[in-house]
Each structure stands twice: as C-alpha cells, then as structure tokens.
$ cat final_38.cif   # mmCIF, C-alpha atoms
data_data
loop_
_atom_site.label_atom_id
_atom_site.label_comp_id
_atom_site.auth_asym_id
_atom_site.auth_seq_id
_atom_site.Cartn_x
_atom_site.Cartn_y
_atom_site.Cartn_z
CA MET A 1 -13.74 39.05 25.69
CA ALA A 2 -13.69 37.27 29.07
CA LEU A 3 -16.51 34.87 29.84
CA LYS A 4 -18.86 35.99 32.61
CA ARG A 5 -20.11 33.62 35.23
CA ALA A 6 -23.86 33.02 35.22
CA PRO A 7 -25.74 34.13 38.37
CA VAL A 8 -26.48 31.42 40.88
CA SER A 9 -30.14 30.57 41.43
CA LEU A 10 -31.38 29.08 44.68
CA SER A 11 -33.40 26.60 42.65
CA ASN A 12 -30.16 25.23 41.23
CA ILE A 13 -28.70 24.38 44.64
CA SER A 14 -29.46 20.84 45.68
CA SER A 15 -29.92 19.95 49.30
CA PRO A 16 -27.01 18.11 50.94
CA LYS A 17 -27.15 14.39 51.33
CA SER A 18 -28.32 13.06 54.68
CA ILE A 19 -25.52 11.87 56.95
CA ASP A 20 -26.03 8.87 59.21
CA VAL A 21 -24.42 9.55 62.59
CA PRO A 22 -24.70 7.15 65.53
CA GLY A 23 -27.15 8.42 68.11
CA ASP A 24 -24.67 8.18 70.95
CA LYS A 25 -22.21 10.50 69.23
CA LEU A 26 -23.08 14.15 68.94
CA LEU A 27 -21.06 16.28 66.48
CA SER A 28 -20.08 19.86 66.81
CA PRO A 29 -21.20 22.27 64.04
CA SER A 30 -17.67 22.39 62.57
CA GLU A 31 -17.40 18.57 62.51
CA ALA A 32 -20.81 18.24 60.87
CA ALA A 33 -19.82 20.83 58.23
CA GLY A 34 -16.62 18.86 57.53
CA ILE A 35 -18.58 15.63 56.98
CA LEU A 36 -20.99 17.41 54.66
CA PHE A 37 -18.06 18.91 52.81
CA GLN A 38 -16.38 15.53 52.32
CA ALA A 39 -19.67 13.93 51.22
CA SER A 40 -20.42 16.59 48.61
CA PRO A 41 -20.04 15.23 45.05
CA ARG A 42 -18.62 18.63 44.05
CA ASN A 43 -15.69 18.05 46.39
CA SER A 44 -15.13 14.35 45.71
CA LEU A 45 -13.59 15.21 42.33
CA VAL A 46 -11.07 17.68 43.72
CA ASP A 47 -7.39 16.85 43.79
CA LEU A 48 -5.44 20.08 43.62
CA THR A 49 -1.65 20.14 43.85
CA ILE A 50 0.86 22.89 44.40
CA GLY A 51 2.43 24.00 41.16
CA GLN A 52 -0.62 23.35 39.01
CA GLU A 53 -1.15 26.07 36.40
CA TYR A 54 -4.53 27.17 35.12
CA GLU A 55 -5.90 29.28 32.31
CA PHE A 56 -8.57 31.34 34.06
CA VAL A 57 -11.67 32.75 32.38
CA GLU A 58 -11.35 35.82 34.64
CA PRO A 59 -8.29 36.68 36.77
CA PRO A 60 -8.82 35.49 40.40
CA PRO A 61 -8.67 38.02 43.25
CA PRO A 62 -5.14 38.57 44.61
CA ASP A 63 -6.06 36.97 47.94
CA PHE A 64 -6.69 33.67 46.16
CA TYR A 65 -2.95 33.22 45.83
CA CYS A 66 -0.74 31.82 48.56
CA PRO A 67 1.59 34.58 49.91
CA VAL A 68 4.40 32.01 50.19
CA THR A 69 4.25 30.07 46.88
CA PHE A 70 2.49 32.86 44.91
CA GLU A 71 0.33 30.11 43.38
CA LEU A 72 -3.38 29.34 43.61
CA LEU A 73 -4.38 28.32 47.15
CA VAL A 74 -4.56 24.57 47.70
CA ASP A 75 -6.76 23.54 50.65
CA PRO A 76 -6.68 27.11 52.11
CA GLN A 77 -5.75 27.47 55.79
CA GLN A 78 -6.58 30.72 57.59
CA THR A 79 -4.02 31.99 60.07
CA ALA A 80 -5.31 32.71 63.60
CA CYS A 81 -2.97 35.68 64.01
CA CYS A 82 -3.66 37.87 60.96
CA GLY A 83 -6.53 36.09 59.16
CA ASN A 84 -4.64 35.58 55.88
CA HIS A 85 -4.83 32.42 53.85
CA ILE A 86 -2.03 30.06 52.85
CA SER A 87 -1.95 26.58 51.26
CA SER A 88 -2.28 23.70 53.71
CA GLN A 89 0.98 22.04 52.66
CA VAL A 90 2.87 25.30 53.29
CA ALA A 91 1.15 25.71 56.67
CA ASP A 92 2.03 22.15 57.72
CA ARG A 93 5.67 22.63 56.75
CA LEU A 94 5.98 25.97 58.60
CA LYS A 95 4.41 24.46 61.72
CA ALA A 96 6.72 21.45 61.60
CA GLU A 97 9.73 23.76 61.34
CA ARG A 98 8.37 25.99 64.16
CA LYS A 99 8.54 29.09 62.01
CA PRO A 100 6.46 32.27 62.53
CA CYS A 101 3.57 33.43 60.42
CA PRO A 102 4.90 34.20 56.93
CA VAL A 103 2.66 37.30 56.70
CA CYS A 104 2.65 39.06 60.10
CA LYS A 105 5.65 37.18 61.62
CA GLU A 106 3.65 36.26 64.74
CA GLU A 107 5.62 33.68 66.70
CA ILE A 108 2.53 31.74 67.72
CA PHE A 109 1.47 30.33 64.35
CA ASN A 110 -1.84 28.44 64.17
CA THR A 111 -4.21 27.85 61.27
CA VAL A 112 -7.67 26.48 60.68
CA THR A 113 -9.18 25.03 57.50
CA ASP A 114 -11.38 27.57 55.72
CA LYS A 115 -13.89 25.44 53.78
CA HIS A 116 -15.77 28.47 52.51
CA TYR A 117 -12.60 29.88 51.02
CA ARG A 118 -11.84 26.48 49.58
CA ARG A 119 -15.20 26.39 47.81
CA ARG A 120 -14.59 29.86 46.44
CA VAL A 121 -11.25 28.73 44.99
CA LEU A 122 -12.80 25.60 43.54
CA ASP A 123 -15.60 27.69 41.99
CA LEU A 124 -13.12 29.59 39.80
CA ARG A 125 -13.74 28.99 36.11
CA VAL A 126 -10.87 27.81 33.97
CA CYS A 127 -10.30 26.71 30.36
CA CYS A 128 -8.89 23.46 29.08
CA PRO A 129 -5.13 23.80 28.31
CA HIS A 130 -5.34 21.53 25.25
CA GLU A 131 -5.46 23.24 21.88
CA GLY A 132 -8.76 22.80 20.09
CA CYS A 133 -10.80 22.03 23.24
CA ASN A 134 -13.54 24.56 24.14
CA TRP A 135 -14.23 23.17 27.61
CA VAL A 136 -14.77 25.76 30.37
CA GLY A 137 -15.45 24.61 33.90
CA GLU A 138 -14.65 24.97 37.56
CA VAL A 139 -11.22 24.33 39.04
CA ARG A 140 -12.59 21.30 40.94
CA TYR A 141 -13.23 19.54 37.62
CA HIS A 142 -10.07 20.72 35.86
CA LYS A 143 -7.88 17.68 36.58
CA SER A 144 -10.53 15.09 35.75
CA HIS A 145 -11.31 16.85 32.48
CA VAL A 146 -7.65 17.21 31.47
CA GLU A 147 -7.11 13.47 32.06
CA GLU A 148 -10.11 12.60 29.89
CA CYS A 149 -10.01 15.50 27.40
CA PRO A 150 -10.49 14.27 23.81
CA LYS A 151 -7.90 16.84 22.69
CA ARG A 152 -5.16 15.60 25.04
CA SER A 153 -1.96 14.40 23.43
CA TRP A 154 -1.90 10.80 22.24
CA SER A 155 0.87 8.60 20.85
CA CYS A 156 0.28 5.39 18.97
CA GLN A 157 1.81 2.50 20.88
CA TYR A 158 2.55 0.68 17.64
CA CYS A 159 4.18 3.31 15.40
CA ASP A 160 4.80 6.32 17.71
CA TYR A 161 2.49 8.55 15.63
CA SER A 162 1.31 11.54 17.69
CA CYS A 163 -2.03 13.34 17.51
CA THR A 164 -4.99 14.18 19.76
CA HIS A 165 -6.78 11.40 21.66
CA ASP A 166 -10.04 11.72 19.75
CA GLU A 167 -8.18 11.34 16.43
CA GLY A 168 -5.94 8.49 17.58
CA GLU A 169 -8.31 5.58 18.04
CA SER A 170 -10.97 6.72 15.56
CA VAL A 171 -8.82 8.07 12.71
CA HIS A 172 -5.25 6.81 13.05
CA TRP A 173 -5.74 3.25 14.25
CA PRO A 174 -8.02 2.25 11.31
CA GLU A 175 -5.17 3.17 8.92
CA CYS A 176 -2.07 2.49 11.07
CA LYS A 177 0.29 0.18 9.15
CA MET A 178 1.69 -1.30 12.36
CA PHE A 179 -1.67 -1.93 14.06
CA PRO A 180 -1.89 -5.60 15.10
CA GLU A 181 -4.58 -7.56 13.35
CA PRO A 182 -5.54 -11.21 13.85
CA CYS A 183 -4.29 -13.72 11.31
CA PRO A 184 -7.06 -14.24 8.71
CA ASN A 185 -6.65 -17.97 9.19
CA GLN A 186 -6.39 -17.79 12.99
CA CYS A 187 -3.06 -19.62 13.05
CA GLU A 188 -0.67 -19.85 16.01
CA VAL A 189 0.63 -16.37 15.17
CA HIS A 190 -2.26 -14.55 16.82
CA THR A 191 -1.62 -10.98 15.58
CA VAL A 192 0.36 -9.53 12.69
CA ALA A 193 1.14 -5.90 11.82
CA ARG A 194 -1.39 -4.70 9.27
CA LYS A 195 1.27 -3.99 6.63
CA ASN A 196 2.62 -7.56 6.94
CA ILE A 197 -0.66 -9.42 6.52
CA GLU A 198 -0.04 -10.41 2.90
CA LEU A 199 3.55 -11.36 3.66
CA HIS A 200 2.35 -13.48 6.57
CA ARG A 201 -0.08 -15.33 4.32
CA THR A 202 2.88 -16.63 2.30
CA VAL A 203 4.15 -18.52 5.37
CA CYS A 204 0.97 -18.99 7.40
CA SER A 205 0.61 -22.61 8.45
CA LEU A 206 -3.19 -22.50 7.98
CA GLU A 207 -3.24 -20.67 4.63
CA PRO A 208 -5.10 -22.82 2.04
CA VAL A 209 -2.72 -23.93 -0.72
CA ALA A 210 -3.10 -26.11 -3.80
CA CYS A 211 -1.10 -29.22 -4.51
CA GLY A 212 2.07 -28.59 -6.49
CA LEU A 213 0.90 -31.17 -9.02
CA SER A 214 -2.39 -29.44 -9.79
CA GLU A 215 -1.48 -29.12 -13.47
CA TYR A 216 -1.18 -32.90 -13.60
CA GLY A 217 -4.66 -33.51 -12.23
CA CYS A 218 -4.48 -33.24 -8.42
CA GLN A 219 -7.03 -30.62 -7.37
CA ALA A 220 -6.61 -30.96 -3.59
CA ILE A 221 -6.54 -27.82 -1.42
CA PHE A 222 -5.35 -28.02 2.17
CA PRO A 223 -3.62 -25.93 4.90
CA ARG A 224 0.05 -25.29 4.23
CA LYS A 225 1.08 -27.27 7.30
CA ASP A 226 -0.43 -30.43 5.75
CA LEU A 227 1.58 -30.22 2.51
CA ALA A 228 4.13 -32.89 3.49
CA LYS A 229 1.34 -35.14 4.77
CA HIS A 230 -0.62 -34.75 1.53
CA MET A 231 2.39 -35.52 -0.66
CA LYS A 232 3.22 -38.64 1.35
CA GLU A 233 -0.33 -40.00 1.50
CA ASN A 234 -0.95 -39.43 -2.23
CA GLU A 235 2.48 -40.40 -3.60
CA GLY A 236 1.13 -43.34 -5.60
CA GLN A 237 -1.74 -41.36 -7.12
CA HIS A 238 0.65 -38.54 -8.04
CA LEU A 239 2.97 -40.98 -9.87
CA ILE A 240 0.03 -42.37 -11.80
CA SER A 241 -1.10 -38.84 -12.74
CA LEU A 242 2.42 -37.98 -13.95
CA ALA A 243 2.63 -41.13 -16.01
CA ILE A 244 -0.73 -40.49 -17.65
CA HIS A 245 0.22 -36.90 -18.39
CA ASN A 246 3.55 -37.89 -19.97
CA TYR A 247 1.92 -40.62 -22.03
CA LYS A 248 -0.64 -38.19 -23.44
CA GLN A 249 2.11 -35.69 -24.16
CA LEU A 250 4.24 -38.21 -26.01
CA LYS A 251 1.27 -39.55 -27.94
CA SER A 252 0.25 -36.08 -29.12
CA ASN A 253 3.82 -35.30 -30.25
CA LYS A 254 4.67 -38.62 -31.88
CA GLU A 255 3.51 -37.65 -35.36
CA SER A 256 5.54 -34.43 -35.41
CA MET A 257 8.81 -35.76 -33.94
CA VAL A 258 10.42 -36.64 -37.31
CA GLU A 259 9.54 -33.28 -38.79
CA LEU A 260 10.76 -31.55 -35.66
CA ARG A 261 14.17 -33.25 -35.89
CA ARG A 262 14.48 -32.22 -39.53
CA ASN A 263 13.63 -28.62 -38.64
CA VAL A 264 16.17 -28.61 -35.82
CA GLN A 265 18.93 -29.80 -38.16
CA GLN A 266 18.06 -27.14 -40.70
CA LEU A 267 17.98 -24.52 -37.98
CA GLN A 268 21.41 -25.56 -36.72
CA GLN A 269 22.83 -25.27 -40.24
CA SER A 270 21.23 -21.85 -40.64
CA VAL A 271 22.62 -20.68 -37.31
CA GLN A 272 26.11 -21.82 -38.29
CA SER A 273 25.85 -20.00 -41.61
CA VAL A 274 24.58 -16.83 -39.94
CA HIS A 275 27.38 -17.04 -37.40
CA GLN A 276 29.97 -17.11 -40.20
CA GLU A 277 28.30 -14.15 -41.90
CA ILE A 278 28.22 -12.23 -38.61
CA SER A 279 31.94 -12.85 -38.08
CA ALA A 280 32.70 -11.50 -41.55
CA LEU A 281 30.43 -8.48 -40.94
CA LYS A 282 32.11 -7.78 -37.60
CA LEU A 283 35.49 -7.61 -39.32
CA LYS A 284 34.14 -5.15 -41.87
CA THR A 285 32.23 -3.15 -39.21
CA GLY A 286 35.29 -2.96 -37.02
CA HIS A 287 37.29 -1.53 -39.89
CA ILE A 288 34.57 1.10 -40.58
CA GLU A 289 34.27 2.04 -36.90
CA HIS A 290 38.03 2.41 -36.79
CA HIS A 291 37.88 5.02 -39.55
CA VAL A 292 34.91 6.82 -37.97
CA ALA A 293 36.89 7.10 -34.70
CA GLY A 294 39.69 8.93 -36.57
CA GLY A 295 41.95 6.00 -37.39
CA SER A 296 43.68 5.26 -40.64
CA CYS A 297 44.21 2.24 -42.82
CA LEU A 298 47.45 1.59 -40.92
CA SER A 299 45.55 0.97 -37.68
CA CYS A 300 46.28 4.47 -36.46
CA THR A 301 44.25 6.15 -33.73
CA VAL A 302 44.53 9.65 -32.25
CA HIS A 303 43.86 10.34 -28.56
CA SER A 304 43.60 13.72 -26.82
CA PHE A 305 43.89 14.37 -23.07
CA PRO A 306 42.78 17.87 -21.95
CA ASN A 307 43.32 19.49 -18.52
CA PHE A 308 46.90 18.33 -18.27
CA SER A 309 47.65 20.70 -15.37
CA GLN A 310 44.94 18.99 -13.24
CA LEU A 311 46.18 15.52 -14.18
CA LYS A 312 49.67 16.53 -13.15
CA LEU A 313 48.54 17.72 -9.70
CA SER A 314 46.16 14.82 -8.96
CA GLU A 315 48.25 11.99 -10.47
CA LYS A 316 45.00 10.48 -11.75
CA VAL A 317 44.76 7.97 -14.58
CA CYS A 318 43.06 9.27 -17.72
CA GLU A 319 41.73 6.84 -20.33
CA SER A 320 40.67 7.19 -23.96
CA GLN A 321 37.53 5.71 -25.44
CA PRO A 322 37.79 1.97 -26.31
CA PHE A 323 38.76 1.32 -29.93
CA ARG A 324 39.20 -1.69 -32.17
CA VAL A 325 42.13 -2.74 -34.31
CA GLN A 326 41.59 -5.86 -36.43
CA ASN A 327 38.60 -6.63 -34.15
CA TYR A 328 40.78 -6.67 -31.02
CA LEU A 329 39.38 -4.30 -28.39
CA PHE A 330 41.97 -1.86 -26.98
CA ASN A 331 42.15 1.14 -24.71
CA PHE A 332 44.89 3.69 -24.14
CA ARG A 333 45.67 5.55 -20.92
CA ILE A 334 48.25 7.92 -19.47
CA ARG A 335 49.23 8.75 -15.91
CA CYS A 336 51.13 11.85 -14.80
CA TYR A 337 53.50 11.54 -11.85
CA ASN A 338 54.55 14.40 -9.58
CA PRO A 339 58.19 15.05 -8.62
CA PRO A 340 60.58 13.44 -8.04
CA PHE A 341 59.50 11.32 -11.04
CA ASP A 342 58.21 14.28 -13.05
CA MET A 343 57.06 12.31 -16.07
CA VAL A 344 54.13 10.97 -18.10
CA VAL A 345 53.79 7.20 -18.51
CA ALA A 346 51.56 5.54 -21.14
CA PHE A 347 49.75 2.19 -20.98
CA LEU A 348 48.01 -0.06 -23.49
CA GLY A 349 45.13 -2.33 -22.47
CA LEU A 350 43.53 -5.28 -24.31
CA PHE A 351 40.03 -6.20 -23.16
CA PRO A 352 37.50 -9.00 -23.73
CA SER A 353 34.94 -8.59 -26.49
CA SER A 354 32.30 -10.61 -28.29
CA ASP A 355 34.72 -11.27 -31.17
CA ASP A 356 37.45 -12.94 -29.13
CA ASP A 357 36.43 -16.48 -30.06
CA ASP A 358 37.01 -15.63 -33.73
CA LEU A 359 40.43 -14.08 -33.17
CA VAL A 360 43.88 -15.64 -33.14
CA TRP A 361 45.67 -16.09 -29.81
CA PRO A 362 48.24 -15.28 -28.62
CA ALA A 363 48.34 -11.93 -30.42
CA LYS A 364 51.70 -10.35 -31.27
CA ILE A 365 51.28 -6.58 -31.17
CA SER A 366 53.76 -4.06 -32.49
CA CYS A 367 53.17 -0.68 -30.88
CA GLN A 368 54.40 2.73 -32.01
CA LEU A 369 53.41 5.70 -29.85
CA GLU A 370 53.87 9.26 -31.07
CA GLN A 371 53.84 12.39 -28.91
CA VAL A 372 52.23 14.71 -31.46
CA ASN A 373 53.84 18.07 -32.20
CA GLN A 374 50.74 20.26 -32.31
CA VAL A 375 52.25 23.12 -34.31
CA GLY A 376 53.48 21.08 -37.24
CA ASP A 377 53.42 17.63 -38.80
CA THR A 378 57.07 16.96 -38.09
CA ARG A 379 59.31 16.18 -35.17
CA HIS A 380 56.81 13.94 -33.43
CA ARG A 381 58.48 11.99 -30.66
CA LYS A 382 58.21 8.26 -31.30
CA TYR A 383 58.37 5.33 -28.86
CA VAL A 384 58.34 1.77 -30.15
CA THR A 385 57.68 -1.46 -28.26
CA SER A 386 55.93 -4.79 -28.75
CA PHE A 387 53.74 -7.16 -26.72
CA ILE A 388 52.62 -10.76 -26.86
CA TRP A 389 49.09 -10.95 -25.46
CA ASN A 390 47.58 -14.25 -24.41
CA LYS A 391 43.83 -14.73 -24.31
CA GLU A 392 43.98 -15.19 -20.52
CA GLU A 393 45.61 -11.74 -20.16
CA ARG A 394 42.62 -9.85 -21.52
CA GLY A 395 41.52 -7.06 -19.21
CA THR A 396 45.09 -6.12 -18.18
CA TRP A 397 47.20 -3.05 -18.86
CA LYS A 398 50.79 -3.11 -20.11
CA ASN A 399 53.20 -0.27 -19.74
CA ILE A 400 54.69 1.22 -22.89
CA ASP A 401 57.81 1.41 -20.78
CA THR A 402 59.93 3.10 -23.44
CA TYR A 403 57.82 6.24 -23.09
CA GLU A 404 58.79 8.55 -20.22
CA MET A 405 58.19 12.15 -21.26
CA LYS A 406 59.57 14.72 -18.82
CA TYR A 407 57.29 17.66 -18.07
CA THR A 408 60.05 20.05 -19.03
CA GLU A 409 60.23 18.47 -22.49
CA LEU A 410 56.54 18.91 -23.32
CA GLN A 411 56.89 22.57 -24.21
CA ASN A 412 59.81 23.73 -26.32
CA LYS A 413 60.99 27.29 -26.57
CA LYS A 414 61.11 26.91 -30.32
CA SER A 415 57.78 27.84 -31.89
CA ALA A 416 58.09 24.99 -34.42
CA VAL A 417 57.80 22.30 -31.71
CA ASN A 418 55.20 22.21 -28.94
CA TYR A 419 53.66 19.06 -27.48
CA LEU A 420 51.38 20.84 -24.98
CA VAL A 421 48.90 23.33 -26.46
CA ASN A 422 45.82 24.67 -24.64
CA ASP A 423 46.70 22.41 -21.69
CA THR A 424 46.10 19.36 -23.93
CA LEU A 425 48.31 16.40 -24.90
CA VAL A 426 47.73 14.56 -28.19
CA TYR A 427 49.00 11.05 -28.99
CA ARG A 428 48.94 8.96 -32.13
CA LEU A 429 49.02 5.20 -31.67
CA HIS A 430 50.01 2.74 -34.41
CA LEU A 431 49.23 -0.93 -33.74
CA ASP A 432 50.13 -3.86 -35.97
CA ILE A 433 48.82 -7.30 -34.93
CA THR A 434 50.21 -10.56 -36.23
CA PRO A 435 49.41 -14.13 -35.19
#

$ encode --input "final_38.cif" --output "structure tokens"
Amino acid sequence: MALKRAPVSLSNISSPKSIDVPGDKLLSPSEAAGILFQASPRNSLVDLTIGQEYEFVEPPPPDFYCPVTFELLVDPQQTACCGNHISSQVADRLKAERKPCPVCKEEIFNTVTDKHYRRRVLDLRVCCPHEGCNWVGEVRYHKSHVEECPKRSWSCQYCDYSCTHDEGESVHWPECKMFPEPCPNQCEVHTVARKNIELHRTVCSLEPVACGLSEYGCQAIFPRKDLAKHMKENEGQHLISLAIHNYKQLKSNKESMVELRRNVQQLQQSVQSVHQEISALKLKTGHIEHHVAGGSCLSCTVHSFPNFSQLKLSEKVCESQPFRVQNYLFNFRIRCYNPPFDMVVAFLGLFPSSDDDDLVWPAKISCQLEQVNQVGDTRHRKYVTSFIWNKEERGTWKNIDTYEMKYTELQNKKSAVNYLVNDTLVYRLHLDITP
C-alpha cells in the first residue's frame, strides 16, 4: 500500500530568514523571491542531476517529467510560448543551438525559472534505494541520504570484504584478519595485519626475550634488539656460569661413571648378539614369506599379469609384487610393445633392502623364466639367462633378453597349449643365487 503524505499545517511552516539588502539597492519581487529561495535550508541540500532515478512513494503527475528527457524535471524552466516545463539543462542547450520549443515548435523560444514548480518537484516523497533501509523522505534530501545511508554498500579497504556500511566498521572491522593493528611493543613497524601479530612478535625488535643461557643461571630479560649487546657485555659472566654448571654436572656424575661404562659395554655386547639373532631370523622369515607368496623350495615364484589387451595397446610397464629369494629383494616386470616389434619383453630387478649388509656381493644369479601353459603342466616355454649383480647396481632393472614372445605365439590353435587365458599371462621364475 502506497504511503500517503501527511497534510501540511500552517503551524509547521517556519518564517523565512531575514535578508540583509543594502539600502541603496531596491530588489524587484522576483529577485527577492530568488534570494529567499537560495537562502532556504530546504533548498541548500538540493543537487539534482539529469538521469537520476528515484523510487517514489506515489507516482508523480505526468507533467513532472521533462518532455525531452522523459525524466524527473531538474530545475524546471517554464516556456513563454506554451507554458510547459522542461529541465534547465535541456532549455539551455536548446537555446544555445537556436532550436524551437520542443513542445509547440514556436521559433521564439524563451523560458523562465519556475521556483514554485521546483519546490513541488522537490517535495515529492521517495524511498531509499538501498536494501534494508526504511528511509522515506523528500527528493531534496535523497542524494544526501543516499551518500550517508547506513545500508549503502561498503568494501573493506584491507581485505575487500563487502557488506553494508553500518555492518562494516562495527561488525567486520573488529574481526577482520587483515585490519592493521599497532605493534604491541610499539616498535618501528607501526602497524601489522591482525592475523600476523603473533608472527610479528617472533621478529619484533622490542619483544622481550630471555637470555639463551637462562638454564645456566642468567635470568636477564631484554628487548630482542639488545641481544647482541647483552651477550657481549656479559661474556665473562656467561663463561663463569657455564664452568660452574659443568663442574656441578661432572661432580654429580663422577660416582656413576665406572658403572655407566660397564653398562655400556654390556649393552654393546647385547646389541651385537641381538643383531646376529635378527640376521638368522631374517633368513628364516624370508624363506617362510617366500612360501607364503607361492614360491617353492627351489626359489620359484609365480606372477600373473591380467588385462593383457590393455597392456598391449598402452605399452605400459606392469610389475609384480616385490619378493625375496635368499633374502635378496627382487621384482619382476613385463612390457608389451606394439608393432612393428610385436613382442613381450621381461625384466628382473634387484633392489636395496635392510638385509643387504648381511648378504654376499657381488651376487651371481641364474635365472630361468617360464611362460606357463595354462591348460596343462607341460610344454611351458623356458628362457634361461644369468646375471652378476654388484651391490652398487641395486635398484636397476636387467632385461631377460632371451625372452621375446611374439603375440601370435601366445595363443595356440591346439587346445593342449595356451599361454593367454582370460586375457591373463602367467610366468614362473626360478632364481638360483651363488656367491
């Protein structure tokens, strides 16, 4: 429902201010009215511009709009020819360009300021355009209110946070992480972002710090900038404090030094014995883990590689899980190559482990690789090679270069031989290691 304007009471109208005019200068009625108009406090706040939009409480009469700009009249001028009203800026421009009246097209185009009409325009009631503001007032106060409205948009100059003006300084600034605050110690760095206060204290030149030798008796506390000065001026006293501390320490430990040496020797012997037992256990554990992983007493391991068709297209390397043979840590991998090579190549890798210091180097490794026939325990394709692996070569891969299985040879037309079943290749690896 539109707000209705309250009736005007004569008791609410204040008398105009007195105007001092020199006695030797008489003013015409129109000039006196203009001075009174300019002196009125209701008009001193007015600064209307063309293009300004308003949210009216009640729609203004149609004749309150300029017939040229179709916007609210600004400083209305009444035409002498047809009595219509247009904005003063429009009237001045038309006169300067010697154009006729925009309404009746009269060639002789003159205008006069209509102060009464101006007051009527300025008396229109409008609402604040900012969301959340309930202000309703006259057009003459619209601009001043908008500029000072507590609900106008506001952006924090420190972190670019946006909100309304009344929330900015009272709500956001007290919790803004980037708001500048004075150094707690009032050092040469006058302000620091609120979130960096504690970090600044770690480098602040005036932050109180304790002497680095406080545990040895120096209890001095001074600004950080005086640390070097303190250490230089008290160098002798610090040396004395250190000497006294060391003397007391040695004196308190003198009685237990012999027993301590004896305990250290016994501990060293125990550690050596435990180390030997651990080495023996690792050998046994490695053998057990080898069996759990599917190996045999002949150092045999079985490795499966599914999704062969994808490996063939991508030419990616596919590795097995690491496994141990005689406590040497190995890994096995294959790589499928696209045409024109059209083959599978196998590699053996020897890697560092915690047992390497107890092993014999270089290691001579005899390798037998079997392409497993998955439809019978016969006719496995065997490839034999050998390596000599130095300790410095750990972490490298060596090609079992005798193995080059053509794709066309993986599947045989005979049902008794098939090396590729369910898109999976299976290999059996026999390793024999000798010093």

$ atom_distance --input "final_38.cif" --atom1 "atom CA of A:Ile108" --atom2 "atom CA of A:Leu122"
29.3 Å

$ resolve_selection --input "final_38.cif" --expression "the PyMOL selection byres ((chain A and resi 133) around 12)" --output "NGL selection string"
:A and (127-132 or 134-137 or 145-146 or 148-153 or 164-166)

$ residues_around --input "final_38.cif" --residues "stretch 382-398 of chain A" --least-positions-apart "6" --cutoff "9 Å" --atoms "only C-alpha atoms" --output "ChimeraX atom specification"
/A:331-333,346-352,356,360-372

$ resolve_selection --input "final_38.cif" --expression "the PyMOL selection byres ((chain A and resi 335) around 8)" --output "list in words"
Leu311, Glu315, Lys316, Val317, Cys318, Arg333, Ile334, Cys336, Tyr337, Val344, Val345 and Ala346 of chain A

$ residues_around --input "final_38.cif" --residues "A:Ser353" --least-positions-apart "4" --cutoff "10 Å" --atoms "only C-alpha atoms" --output "list in words"
Arg324, Asn327, Tyr328, Leu329, Phe330, Asp357, Arg394 and Gly395 of chain A

$ atom_distance --input "final_38.cif" --atom1 "atom CA of A:Glu167" --atom2 "atom CA of A:Pro180"
18.1 Å

$ atom_distance --input "final_38.cif" --atom1 "atom CA of A:Gly83" --atom2 "atom CA of A:Tyr65"
14.1 Å

$ resolve_selection --input "final_38.cif" --expression "the PyMOL selection byres ((chain A and resi 196) around 12)" --output "CSV table (one decimal) with C-alpha atoms, in the coordinates of the input"
chain,number,residue,atom,x,y,z
A,176,CYS,CA,-2.1,2.5,11.1
A,177,LYS,CA,0.3,0.2,9.2
A,178,MET,CA,1.7,-1.3,12.4
A,179,PHE,CA,-1.7,-1.9,14.1
A,180,PRO,CA,-1.9,-5.6,15.1
A,181,GLU,CA,-4.6,-7.6,13.4
A,182,PRO,CA,-5.5,-11.2,13.8
A,183,CYS,CA,-4.3,-13.7,11.3
A,184,PRO,CA,-7.1,-14.2,8.7
A,191,THR,CA,-1.6,-11.0,15.6
A,192,VAL,CA,0.4,-9.5,12.7
A,193,ALA,CA,1.1,-5.9,11.8
A,194,ARG,CA,-1.4,-4.7,9.3
A,195,LYS,CA,1.3,-4.0,6.6
A,197,ILE,CA,-0.7,-9.4,6.5
A,198,GLU,CA,0.0,-10.4,2.9
A,199,LEU,CA,3.6,-11.4,3.7
A,200,HIS,CA,2.4,-13.5,6.6
A,201,ARG,CA,-0.1,-15.3,4.3
A,202,THR,CA,2.9,-16.6,2.3
A,203,VAL,CA,4.2,-18.5,5.4
A,204,CYS,CA,1.0,-19.0,7.4

$ residues_around --input "final_38.cif" --residues "A:Asn307" --least-positions-apart "5" --cutoff "12 Å" --atoms "only C-alpha atoms" --output "tab-separated table (two decimals) with C-alpha atoms, in the frame of the given file"
chain	number	residue	atom	x	y	z
A	312	LYS	CA	49.67	16.53	-13.15
A	313	LEU	CA	48.54	17.72	-9.70
A	314	SER	CA	46.16	14.82	-8.96
A	316	LYS	CA	45.00	10.48	-11.75
A	318	CYS	CA	43.06	9.27	-17.72
A	336	CYS	CA	51.13	11.85	-14.80
A	420	LEU	CA	51.38	20.84	-24.98
A	421	VAL	CA	48.90	23.33	-26.46
A	422	ASN	CA	45.82	24.67	-24.64
A	423	ASP	CA	46.70	22.41	-21.69
A	424	THR	CA	46.10	19.36	-23.93
A	425	LEU	CA	48.31	16.40	-24.90
A	426	VAL	CA	47.73	14.56	-28.19

$ residues_near_point --input "final_38.cif" --point "(-5.8, 28.0, 58.9)" --cutoff "7 Å" --atoms "only C-alpha atoms" --output "list in words"
Pro76, Gln77, Gln78, Thr79, Ala80, His85, Asn110, Thr111, Val112, Thr113 and Asp114 of chain A

$ closest_residue --input "final_38.cif" --among "A:Pro61, A:Pro102, A:Pro67, A:Gly217" --to "A:Cys81" --atoms "all atoms listed in the file"
A:Pro102

$ closest_residue --input "final_38.cif" --among "A:Cys82, A:Ala243, A:Leu124, A:Val90" --to "A:Glu107" --atoms "only C-alpha atoms"
A:Cys82
